[in-house]
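S.K.: File run.cif below, mmCIF, N, CA and C atoms:
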data_my_file
loop_
_atom_site.label_atom_id
_atom_site.label_comp_id
_atom_site.auth_asym_id
_atom_site.auth_seq_id
_atom_site.Cartn_x
_atom_site.Cartn_y
_atom_site.Cartn_z
N MET A 244 -10.31 30.88 0.89
CA MET A 244 -10.47 29.96 -0.21
C MET A 244 -10.75 28.58 0.37
N ALA A 245 -11.75 27.92 -0.18
CA ALA A 245 -12.17 26.61 0.30
C ALA A 245 -11.22 25.52 -0.22
N LEU A 246 -11.10 24.46 0.57
CA LEU A 246 -10.26 23.32 0.17
C LEU A 246 -11.07 22.35 -0.67
N SER A 247 -10.38 21.70 -1.60
CA SER A 247 -11.06 20.67 -2.38
C SER A 247 -11.28 19.45 -1.50
N LYS A 248 -12.09 18.53 -1.98
CA LYS A 248 -12.38 17.33 -1.20
C LYS A 248 -11.10 16.54 -0.92
N TYR A 249 -10.24 16.42 -1.91
CA TYR A 249 -8.97 15.70 -1.75
C TYR A 249 -8.08 16.38 -0.70
N GLU A 250 -7.99 17.70 -0.77
CA GLU A 250 -7.17 18.44 0.18
C GLU A 250 -7.72 18.33 1.60
N GLN A 251 -9.05 18.34 1.73
CA GLN A 251 -9.66 18.21 3.05
C GLN A 251 -9.39 16.82 3.63
N GLU A 252 -9.48 15.76 2.81
CA GLU A 252 -9.19 14.41 3.27
C GLU A 252 -7.72 14.30 3.69
N ALA A 253 -6.83 14.88 2.91
CA ALA A 253 -5.41 14.85 3.25
C ALA A 253 -5.16 15.57 4.57
N LEU A 254 -5.79 16.71 4.77
CA LEU A 254 -5.64 17.46 6.01
C LEU A 254 -6.18 16.67 7.20
N ASP A 255 -7.32 16.01 7.02
CA ASP A 255 -7.89 15.19 8.09
C ASP A 255 -6.95 14.05 8.48
N GLN A 256 -6.33 13.41 7.49
CA GLN A 256 -5.40 12.31 7.79
C GLN A 256 -4.16 12.83 8.52
N ILE A 257 -3.69 13.98 8.15
CA ILE A 257 -2.53 14.57 8.83
C ILE A 257 -2.88 14.91 10.27
N GLU A 258 -4.06 15.49 10.47
CA GLU A 258 -4.48 15.84 11.82
C GLU A 258 -4.64 14.60 12.70
N LEU A 259 -5.18 13.51 12.14
CA LEU A 259 -5.32 12.28 12.91
C LEU A 259 -3.96 11.74 13.34
N GLY A 260 -2.98 11.86 12.47
CA GLY A 260 -1.65 11.38 12.79
C GLY A 260 -0.96 12.22 13.85
N LEU A 261 -1.34 13.49 13.97
CA LEU A 261 -0.69 14.37 14.94
C LEU A 261 -1.31 14.29 16.33
N ARG A 262 -2.53 13.82 16.43
CA ARG A 262 -3.19 13.72 17.73
C ARG A 262 -2.58 12.59 18.55
N PRO A 263 -2.51 12.78 19.87
CA PRO A 263 -2.06 11.67 20.70
C PRO A 263 -3.08 10.54 20.63
N GLY A 264 -2.62 9.34 20.36
CA GLY A 264 -3.53 8.22 20.24
C GLY A 264 -4.21 8.16 18.90
N GLY A 265 -3.81 9.03 17.99
CA GLY A 265 -4.40 9.02 16.66
C GLY A 265 -3.85 7.88 15.83
N GLN A 266 -4.32 7.78 14.63
CA GLN A 266 -3.86 6.72 13.75
C GLN A 266 -2.41 6.95 13.39
N THR A 267 -1.70 5.87 13.18
CA THR A 267 -0.32 5.97 12.75
C THR A 267 -0.25 5.75 11.25
N VAL A 268 0.89 6.02 10.69
CA VAL A 268 1.10 5.78 9.27
C VAL A 268 0.96 4.28 9.05
N PRO A 269 0.25 3.84 8.01
CA PRO A 269 -0.02 2.41 7.84
C PRO A 269 1.22 1.52 7.85
N GLY A 270 2.30 1.93 7.26
CA GLY A 270 3.47 1.08 7.18
C GLY A 270 4.46 1.29 8.31
N GLN A 271 4.10 2.09 9.30
CA GLN A 271 5.05 2.44 10.35
C GLN A 271 5.42 1.22 11.20
N ARG A 272 4.46 0.44 11.60
CA ARG A 272 4.74 -0.74 12.43
C ARG A 272 5.56 -1.75 11.64
N LEU A 273 5.21 -1.95 10.39
CA LEU A 273 5.94 -2.89 9.54
C LEU A 273 7.38 -2.41 9.36
N THR A 274 7.57 -1.11 9.22
CA THR A 274 8.91 -0.56 9.05
C THR A 274 9.74 -0.80 10.31
N ARG A 275 9.14 -0.63 11.47
CA ARG A 275 9.86 -0.89 12.71
C ARG A 275 10.25 -2.36 12.80
N THR A 276 9.35 -3.24 12.41
CA THR A 276 9.64 -4.67 12.44
C THR A 276 10.76 -5.01 11.48
N ARG A 277 10.72 -4.44 10.30
CA ARG A 277 11.80 -4.68 9.34
C ARG A 277 13.14 -4.16 9.85
N ARG A 278 13.12 -2.97 10.43
CA ARG A 278 14.36 -2.39 10.96
C ARG A 278 14.93 -3.27 12.06
N ARG A 279 14.06 -3.72 12.98
CA ARG A 279 14.52 -4.57 14.07
C ARG A 279 15.09 -5.88 13.52
N ARG A 280 14.41 -6.46 12.55
CA ARG A 280 14.86 -7.72 11.97
C ARG A 280 16.20 -7.55 11.27
N ARG A 281 16.36 -6.46 10.54
CA ARG A 281 17.63 -6.21 9.85
C ARG A 281 18.76 -5.98 10.84
N MET A 282 18.49 -5.27 11.92
CA MET A 282 19.52 -5.03 12.91
C MET A 282 19.91 -6.32 13.63
N LEU A 283 18.94 -7.17 13.92
CA LEU A 283 19.25 -8.45 14.55
C LEU A 283 20.04 -9.36 13.60
N THR A 284 19.68 -9.32 12.32
CA THR A 284 20.42 -10.09 11.33
C THR A 284 21.85 -9.59 11.21
N ALA A 285 22.01 -8.28 11.21
CA ALA A 285 23.35 -7.70 11.13
C ALA A 285 24.18 -8.07 12.36
N ALA A 286 23.56 -8.02 13.53
CA ALA A 286 24.28 -8.38 14.76
C ALA A 286 24.68 -9.85 14.74
N ALA A 287 23.79 -10.71 14.26
CA ALA A 287 24.11 -12.14 14.17
C ALA A 287 25.24 -12.38 13.17
N ALA A 288 25.22 -11.68 12.05
CA ALA A 288 26.28 -11.83 11.05
C ALA A 288 27.62 -11.38 11.63
N ILE A 289 27.62 -10.30 12.37
CA ILE A 289 28.86 -9.82 12.97
C ILE A 289 29.37 -10.82 14.02
N ALA A 290 28.48 -11.37 14.83
CA ALA A 290 28.88 -12.34 15.85
C ALA A 290 29.43 -13.62 15.22
N VAL A 291 28.76 -14.13 14.20
CA VAL A 291 29.24 -15.33 13.51
C VAL A 291 30.56 -15.05 12.80
N GLY A 292 30.67 -13.88 12.20
CA GLY A 292 31.92 -13.50 11.55
C GLY A 292 33.07 -13.43 12.53
N LEU A 293 32.82 -12.87 13.70
CA LEU A 293 33.86 -12.79 14.72
C LEU A 293 34.27 -14.20 15.18
N ALA A 294 33.29 -15.08 15.35
CA ALA A 294 33.59 -16.46 15.72
C ALA A 294 34.43 -17.15 14.64
N LEU A 295 34.11 -16.88 13.37
CA LEU A 295 34.89 -17.47 12.28
C LEU A 295 36.32 -16.93 12.26
N VAL A 296 36.47 -15.64 12.50
CA VAL A 296 37.81 -15.06 12.53
C VAL A 296 38.64 -15.70 13.64
N LEU A 297 38.07 -15.82 14.82
CA LEU A 297 38.79 -16.43 15.93
C LEU A 297 39.08 -17.90 15.67
N THR A 298 38.11 -18.62 15.11
CA THR A 298 38.34 -20.02 14.78
C THR A 298 39.45 -20.17 13.75
N GLY A 299 39.43 -19.30 12.76
CA GLY A 299 40.48 -19.35 11.74
C GLY A 299 41.84 -19.03 12.30
N LEU A 300 41.91 -18.10 13.25
CA LEU A 300 43.19 -17.77 13.86
C LEU A 300 43.71 -18.91 14.73
N VAL A 301 42.83 -19.54 15.49
CA VAL A 301 43.25 -20.64 16.35
C VAL A 301 43.69 -21.84 15.53
N SER A 302 42.94 -22.15 14.47
CA SER A 302 43.26 -23.33 13.65
C SER A 302 44.25 -23.00 12.54
N LYS A 303 44.69 -21.77 12.46
CA LYS A 303 45.65 -21.30 11.45
C LYS A 303 45.15 -21.53 10.02
N ALA A 304 43.83 -21.37 9.85
CA ALA A 304 43.22 -21.48 8.52
C ALA A 304 42.83 -20.06 8.08
N ILE A 305 43.62 -19.50 7.20
CA ILE A 305 43.43 -18.11 6.79
C ILE A 305 42.11 -17.94 6.03
N VAL A 306 41.72 -18.94 5.28
CA VAL A 306 40.49 -18.85 4.49
C VAL A 306 39.27 -18.63 5.41
N ILE A 307 39.24 -19.33 6.52
CA ILE A 307 38.12 -19.18 7.45
C ILE A 307 38.13 -17.77 8.06
N SER A 308 39.31 -17.29 8.39
CA SER A 308 39.41 -15.93 8.95
C SER A 308 38.97 -14.88 7.95
N VAL A 309 39.35 -15.06 6.69
CA VAL A 309 38.94 -14.10 5.65
C VAL A 309 37.43 -14.13 5.46
N LEU A 310 36.85 -15.32 5.44
CA LEU A 310 35.39 -15.42 5.32
C LEU A 310 34.69 -14.76 6.51
N GLY A 311 35.24 -14.95 7.70
CA GLY A 311 34.68 -14.30 8.88
C GLY A 311 34.77 -12.79 8.80
N PHE A 312 35.91 -12.30 8.32
CA PHE A 312 36.06 -10.85 8.17
C PHE A 312 35.06 -10.29 7.16
N LEU A 313 34.87 -11.00 6.06
CA LEU A 313 33.90 -10.55 5.05
C LEU A 313 32.49 -10.55 5.62
N LEU A 314 32.19 -11.53 6.46
CA LEU A 314 30.87 -11.57 7.09
C LEU A 314 30.69 -10.41 8.07
N ILE A 315 31.73 -10.06 8.78
CA ILE A 315 31.68 -8.91 9.68
C ILE A 315 31.43 -7.63 8.89
N VAL A 316 32.14 -7.47 7.79
CA VAL A 316 31.97 -6.26 6.96
C VAL A 316 30.55 -6.20 6.40
N ALA A 317 30.05 -7.35 5.92
CA ALA A 317 28.68 -7.37 5.37
C ALA A 317 27.65 -7.03 6.45
N GLY A 318 27.83 -7.58 7.65
CA GLY A 318 26.91 -7.27 8.75
C GLY A 318 26.96 -5.80 9.14
N ALA A 319 28.17 -5.24 9.13
CA ALA A 319 28.30 -3.82 9.47
C ALA A 319 27.65 -2.94 8.40
N MET A 320 27.77 -3.34 7.15
CA MET A 320 27.13 -2.57 6.07
C MET A 320 25.62 -2.61 6.19
N VAL A 321 25.08 -3.77 6.51
CA VAL A 321 23.62 -3.88 6.69
C VAL A 321 23.18 -3.03 7.88
N ALA A 322 23.93 -3.08 8.96
CA ALA A 322 23.56 -2.30 10.15
C ALA A 322 23.66 -0.80 9.88
N ALA A 323 24.65 -0.39 9.12
CA ALA A 323 24.84 1.03 8.85
C ALA A 323 23.84 1.57 7.85
N SER A 324 23.44 0.76 6.90
CA SER A 324 22.53 1.24 5.86
C SER A 324 21.07 1.10 6.26
N SER A 325 20.76 0.28 7.23
CA SER A 325 19.38 -0.01 7.60
C SER A 325 18.58 1.20 8.06
N PRO A 326 19.04 1.99 9.03
CA PRO A 326 18.18 3.08 9.51
C PRO A 326 17.89 4.15 8.47
N THR A 327 18.88 4.53 7.68
CA THR A 327 18.64 5.61 6.73
C THR A 327 17.72 5.16 5.61
N ALA A 328 17.90 3.96 5.12
CA ALA A 328 17.05 3.49 4.02
C ALA A 328 15.61 3.34 4.49
N LEU A 329 15.41 2.76 5.66
CA LEU A 329 14.06 2.56 6.15
C LEU A 329 13.46 3.84 6.69
N TRP A 330 14.30 4.73 7.22
CA TRP A 330 13.80 5.99 7.73
C TRP A 330 13.18 6.81 6.61
N SER A 331 13.82 6.84 5.45
CA SER A 331 13.30 7.64 4.35
C SER A 331 11.98 7.06 3.84
N GLN A 332 11.82 5.74 3.91
CA GLN A 332 10.57 5.13 3.48
C GLN A 332 9.46 5.40 4.48
N SER A 333 9.78 5.39 5.78
CA SER A 333 8.75 5.57 6.78
C SER A 333 8.23 7.01 6.82
N LYS A 334 9.00 7.97 6.35
CA LYS A 334 8.58 9.36 6.36
C LYS A 334 7.68 9.71 5.19
N GLN A 335 7.58 8.82 4.22
CA GLN A 335 6.73 9.09 3.07
C GLN A 335 5.31 8.66 3.42
N THR A 336 4.43 9.60 3.51
CA THR A 336 3.05 9.31 3.84
C THR A 336 2.24 9.22 2.56
N LYS A 337 1.59 8.10 2.39
CA LYS A 337 0.78 7.93 1.18
C LYS A 337 -0.66 8.27 1.51
N ILE A 338 -1.21 9.16 0.76
CA ILE A 338 -2.58 9.58 0.95
C ILE A 338 -3.38 9.09 -0.24
N ARG A 339 -4.42 8.34 0.06
CA ARG A 339 -5.23 7.78 -1.02
C ARG A 339 -6.24 8.79 -1.51
N ARG A 340 -6.46 8.76 -2.80
CA ARG A 340 -7.45 9.67 -3.38
C ARG A 340 -8.82 9.09 -3.33
#
Reformat the file's structure so that it appears as structure tokens.
M.R.:
Amino acid sequence: MALSKYEQEALDQIELGLRPGGQTVPGQRLTRTRRRRRMLTAAAAIAVGLALVLTGLVSKAIVISVLGFLLIVAGAMVAASSPTALWSQSKQTKIRR
């Protein structure tokens, strides 16, 4: 059974993506950049949060320590959720008709 024009184009795009040196998924590089940026942001939030916790402990200001802890938790949540959310988006290949 012959393939329709749309099916043949889709097959050609899949084959190009599988070849070494072939075309990549259009949003793949952007997804990597976003993932890297989110991970760096999460790491910075965790580092700043840790600094706030230590500063709050040294200066005996509980409010600063609590804010630092919340920043650490937020950074950890961003770091933990980043790969799965972006991974599912990067696996979706959009084929134009």
S.K.: Pick the closest to Ala322 (chain A) from A:Leu300, A:Ala294, A:Leu259, A:Leu283: which is it, counting only N, CA and C atoms?
M.R.: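 Result for the nearest residue to Ala322 (chain A): A:Leu283.
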S.K.: Using only C-alpha atoms, which residue out of A:Thr274, A:Leu314, A:Ala253, A:Arg279 lies closest to Leu293 (chain A)?
M.R.: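 Going through A:Thr274, A:Leu314, A:Ala253, A:Arg279 one by one, the smallest distance to Leu293 (chain A) is for A:Leu314.
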S.K.: Please report the interatomic distance between atom C of Leu313 (chain A) and CA of Ala286 (chain A) in Å with one decimal.
M.R.: 12.5 Å
S.K.: Rounded to one decimal, what separation in Å do you get between CA of Val321 (chain A) and CA of Ala287 (chain A)?
M.R.: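 It comes out at 11.2 Å.
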S.K.: So what do you get for atom C of Leu295 (chain A) versus CA of Arg281 (chain A), distance-wise?
M.R.: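 Interatomic distance, atom C of Leu295 (chain A) to CA of Arg281 (chain A): 21.7 Å.
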S.K.: Each side padded by 8 Å, which centre and which edge lengths in Å (one decimal) define the axis-aligned box around the listed atoms of region 250-261 of chain A? Give them as lines of an AutoDock Vina configuration file.
M.R.:
center_x = -5.2
center_y = 14.9
center_z = 7.8
size_x = 25.0
size_y = 23.1
size_z = 33.1
S.K.: With the file shown as input, list the residues that the PyMOL selection byres (((chain A and resi 315-318 and name CA) around 6) and name CA) selects, as a list of chain:residue names.
M.R.: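 Output of the PyMOL selection byres (((chain A and resi 315-318 and name CA) around 6) and name CA): A:Ala285, A:Ala288, A:Ile289, A:Gly292, A:Phe312, A:Leu313, A:Leu314, A:Ala319, A:Met320, A:Val321.
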